[in-house]
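Notes for the one structure printed next.
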Amino acid sequence: HVFSCSWCVYTSTCVDTVSSSCANGDTKADTIEMCPFLSNTSTPNLVHSQVPTDIMLTGRFLPQPRDSRERYVCVANGESFEGTYVNDTNIICSNVTFQDPPGVAIEFVWNVEVSWNNYRMNLLESIEVTSYSCANIADDCSQCESLKFNQDLSHYKCGWCGPLDSCHFTPYCDTLYPLSSGMCPPAQLSSITPNEGPNSGGTLVSISGTNLGIQSADVLSVTIGDSTCDIDYDRYTPGKIIVCRTRGNLLNTFEVEVQIRGNSQPIRGLQYTYSEPKVFELEPKLGPISGGTLVTFKGEKLLIGSETTVQIGTELCEIQLQLSSNEVLVCRTQPVTSQQMTSILLRIDDVMISVSKDIDGTEIGLLRFTFLSDPTVTMVTPSSMFPSGGVSLVIHGTNFHSIQNAELMILYNNNNNNIRNRREVYLTECDVIDETSLTCPTPELQIEYRTNETGTELIFNLILDSVPSIVGLETINFMLHPDPIFTPFEKNVTQDPTQPIIIKGENFLLNELTLQHIIISAGERRCETRHIQEELVICYLEDTQGSEEPLFIKARVGNIETDIGYLTLTQEYDLLRIILPAVIGLLCVVFCGCGVSAFIFFRNVSRKKDVRLYRVMKNLEELEMGVAQESKKGFTELQTCVEEFDQDLTGGKLPFLDLKTYLMSILFPEGGLFMPVQKYRSNRFAHTAMILQSFRELLLNEEFLLQFIGVMEKQTDFVIKEKCKVASLLMVCLMGEMDYTTHILKQLLGQLIDKSLIRQHSKMLLRRTDSVGEKLLTNWLAVCLYGYIKEHVGTPLYRLSRALKMQLEKGPIDVVTGEARYSLSEEKLLRHVIQEEKLSCFLDTGDGNGMPITFLDCDSIGQTKEKALDAMYKGRAVCERPSLVDVELEYTKSKSSNSPIILRDIDSSNESEKGWTRINTLKHYKIENGAHFQLRTRTESTKCDYVGTIISVYDKKREQNLENHLWHLSKPDDAESNSSSSKEKMASEVYLHRLLYSKNVLQNFVNDLFEKILDVNNRQKENYPLAIRYFFQVLEEQASKHDITDADTIHTWKNNGLALRFWVNLIKNPEFVFNIYKSSTMDSCLLVIAQTFMDSFSVSNTKLNKDSPTSKLLYAKEVRTYKQSVANYYEDIKKLPRVSEEEMTEEMNSLSKNLQKVDMLDTEEALYQLLRYANKYSTQVNNNNNIMTTLIHAYCTHSNLPLGCYATGKM
């Protein structure tokens, strides 16, 4: 619409041109050209801060005030100043004063605004006035006065104002203090750098001071003693620094004199010393051709002068100032191309040193250095190690004597249940023995490595100075084996000192141990190891004298030292003298005794057999009794009703994650700095926003995007992790264009199907994440189905996870291993007899009443605190409650007790035995029924808490801070004695009924979840997620296109795309949807349920037997039922009306609008990271896309980076 309006200038109002008019005497502007306005022109536009200045502004049609009420007001520096009308094109802002903010270097730009009768004047552009301060430019009189001669700075009109003792605006100083400007104090010298140099001269010295002239011509001369120092006028800093180059002089210390124009006398006060640098010795004299050798020159006066260089052959040797002094000069060699002996030239200013001298100056010889070929490795002995380490490896090869620093690097891929895919690096220092060998002690690996594990391959590497790659390392196969074990004596041993000492054990030959590796001592005596077998070590005492006192035997190999026991040595006698008199008499009775001896021998053998048989029968009887008790207890547990779970799980708001956090969990499950969230944004977007916008528009080009993805996937270094990252970044960038994203996904799926058919692996389609398209499908489903999850599937999923946690906590859970009595996973099943008791206690909630709560007496203190927090914050998200380390558990025997006790997992009362410390439990503190507990905020830091598997996984590093190993309910197998383990630990199969019990208790929750996921009919059919229906249609269309009629193939595609890629992921990871914590024990149980869900979708019927995994046997019966539900599910979806392209477009556009309303992920950061990939593969992309070439070139130009800047790590 076009409105007819006019502007009343004096009243500043807008009126209708036809029906209204301005007040009497007012001026009416009918067009924009007639409106009053100010331009951006000001006179002056450069003013000195703190100096009142009149500033004239220019404009047109400026109204003239008619009385005192009508006026102009100028606003600058946050203050108002009077504005005076000059004519209709000019006004003057009077006495404007600017106060520069702190930290301003020289200039600061201010915006000036003008109001007319409290109405802000129109500005074509902002009026900018620049302020400056002479004091910020110069703080010295000579330096200040020199500004007048500096073409770049003379317009500031600065001069020295004596009364103010500062550099100031000259007109202002002349006004306040006439004839006082430009009068400088006398010159002074403060320092000379360096203050010592070679007597041959050539040293650049910098003389600092104040008022050292206004121009370089004011420095008339510099002399050191009788020698002139040649002034370098190009390096002169007015008033501050004079630079000159010394000439040769005698070895002595002289006074420095500087003559400045206007000073009647030379300026003195500094001294300079001439010295002679000498080199006495050089070491080492050889090194590898890869460089990195630290060459040390020993001598005197080696760091004097201004410039020092070392040239070895044709290459400069990089001086290491932090390692150097006047007596020692250190430099690092650079790589050369071949073996060679080269000369060395040390230059200190004008001194050239190529020979070494002794102290009196006599030449010793030329300075030379030899480059040898890089070291190589031929063999390592032994070729294995054990976790405790400490055994010396001998590494054979060549040219090791050219190396200064050698380190052994062992890399171990830690893939245990708690720390997945983490590479641990261990380093130890090596000693060079000679040219062909060096020794390295093996490191101690901070890992759990069971004795039944053998043959884990380690990555073996050496770090030798700066040698980049060592020939021969690739052929080394280095293995990790279990620790060797020495078995202590069962009782004190008595034997002749000349007889060998036999020590039993394990894993001696497995670790390739030699006689030198095993050290055995008997008290102060050494026992020489002479023979080693796999389970036997034999040594002989060097001192064969008898001993009245028992000797204590110790065995050591590497870092392992074991106490073997006591050995008593019999005294030495002349056995022949004792035996001979008795021989004749003995022969007389031999024949008589033979018959009796034979009878007694066979009788003893018979008795020993009877004893062994009795012991075996006794052990079997005890085992049968244990099985009977466990079975009876299991049968009783199976009768337990699950109503208690339903009562605890009903009601309350579910702790759903918001959409943004949910998407971060799905898109970027590993986290990390590449997550495009707001906090990772940086200032780079100030100059790249336009480029990123252009790149986004390019991504919206279907042809380019498909080509971009295709090019990346062809690169060998574009690994699966990178593909997942790119797919998630694309999802973030295209979240506002879901219809376009759907179209791209459809194209990618078509390409994947084409490839799978070519490779004849059609049923493997979508099973793994081998492409951007497969991960993009997962992300697309996650975005599209968020609302469906919250409304339909969220409740049963949360109930299952909550019920699983409650079921696990009903019985004992080992806080160290994560093993639980009521686990669904055989891997995390507790296989020990734990005689626990329930404790009915009270928890103080702060309102004066005690909340009833039940614990187990075998609960650790950390588990007790976790259960207490669950009770106090029931139904609330994990993030809304304190963590275990933030609270302490206080115990009182009764409510009236006045002596509370702080309970901790680890304190001075822990039970310790043979290197093992047991974590404190409620039973340890003798807690009884009726006890009162209270959670208090921790006021001090302590290391006496152990965070276990209920709230987190077992933390090995916490144990490393203790002298002993930790255990809770059961020690590892190798830590238990044979007698106790046979009674407390039975065969695994005895406890499998516990899996069945837990499965029965949780079955209703599993059924509810599966039914909700497979529910089509109970929900309005037309409202069933269009994303799922459309995805199935796309797969069916592709099958039809390729003439695929095999129903199993299409069924498998749907299973892999929806069940495997989406539902299984959520079942395994409910923390992606809810604000809850998932322990390692829960994770193993959820994995069993997820596997059952996937088995239900499988088209194959695997025959199970006694050797099948327990998880499959556990749900074998239910899987058959679920398979029928899955078949019905697919049939029900087939009956739904087809989704048209128009419906899908409307659905996706609606979803895009909803996503734009939410505080989502940072698309600019995602675009930036994608642009890095575009730049990384710019050569491949640019071959077919000129637009991309222009875009990357523009980005690198804006960022002052070379094309291909990603490769240098600067992008």
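A note on labels: chains of the structure tokens are A, B, ... as shown, every chain counts residues from 1, and ligands are counted from 1 in their shown order.
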Any idea what's packed within 6 Å of Tyr540 in chain A, counting only C-alpha atoms, ignoring anything in its chain fewer than 5 positions away? Could you give it as a PyMOL selection string?
chain A and resi 500+527-528
Can you write just those residues out, N, CA, C and O atoms, as a PDB file, in the first residue's frame?
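This went into selection24.pdb:
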ATOM      1  N   PRO A 500      69.991 -79.156  45.273  1.00  0.00           N
ATOM      2  CA  PRO A 500      69.344 -78.014  44.600  1.00  0.00           C
ATOM      3  C   PRO A 500      68.058 -77.602  45.325  1.00  0.00           C
ATOM      4  O   PRO A 500      67.385 -78.413  45.952  1.00  0.00           O
ATOM      5  N   CYS A 527      71.401 -67.809  45.309  1.00  0.00           N
ATOM      6  CA  CYS A 527      71.147 -69.144  44.778  1.00  0.00           C
ATOM      7  C   CYS A 527      71.196 -69.044  43.250  1.00  0.00           C
ATOM      8  O   CYS A 527      70.363 -68.368  42.628  1.00  0.00           O
ATOM      9  N   GLU A 528      72.177 -69.677  42.657  1.00  0.00           N
ATOM     10  CA  GLU A 528      72.398 -69.563  41.210  1.00  0.00           C
ATOM     11  C   GLU A 528      71.370 -70.416  40.444  1.00  0.00           C
ATOM     12  O   GLU A 528      71.278 -71.625  40.641  1.00  0.00           O
TER      13      GLU A 528
END
7 Å contact set for range 347-358 of chain A, only C-alpha atoms, chain neighbours under 2 positions out, as a count of residues only
25
Between CA of Asn77 in chain A and CA of Pro171 in chain A, what is the distance in Å, rounded to a tenth?
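Those two atoms sit 22.4 Å apart.
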Just the strand (DSSP E or B) stuff from range 745-850 of chain A, please, per backbone DSSP, written as a PyMOL selection string.
chain A and resi 813+820+829+832+838-844+850
With distances taken over only C-alpha atoms, which of A:Thr568, A:Phe486, A:Pro44, A:Leu804 is nearest to Glu534 in chain A?
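Looking at the shortest contact to Glu534 in chain A, the residue is A:Phe486.
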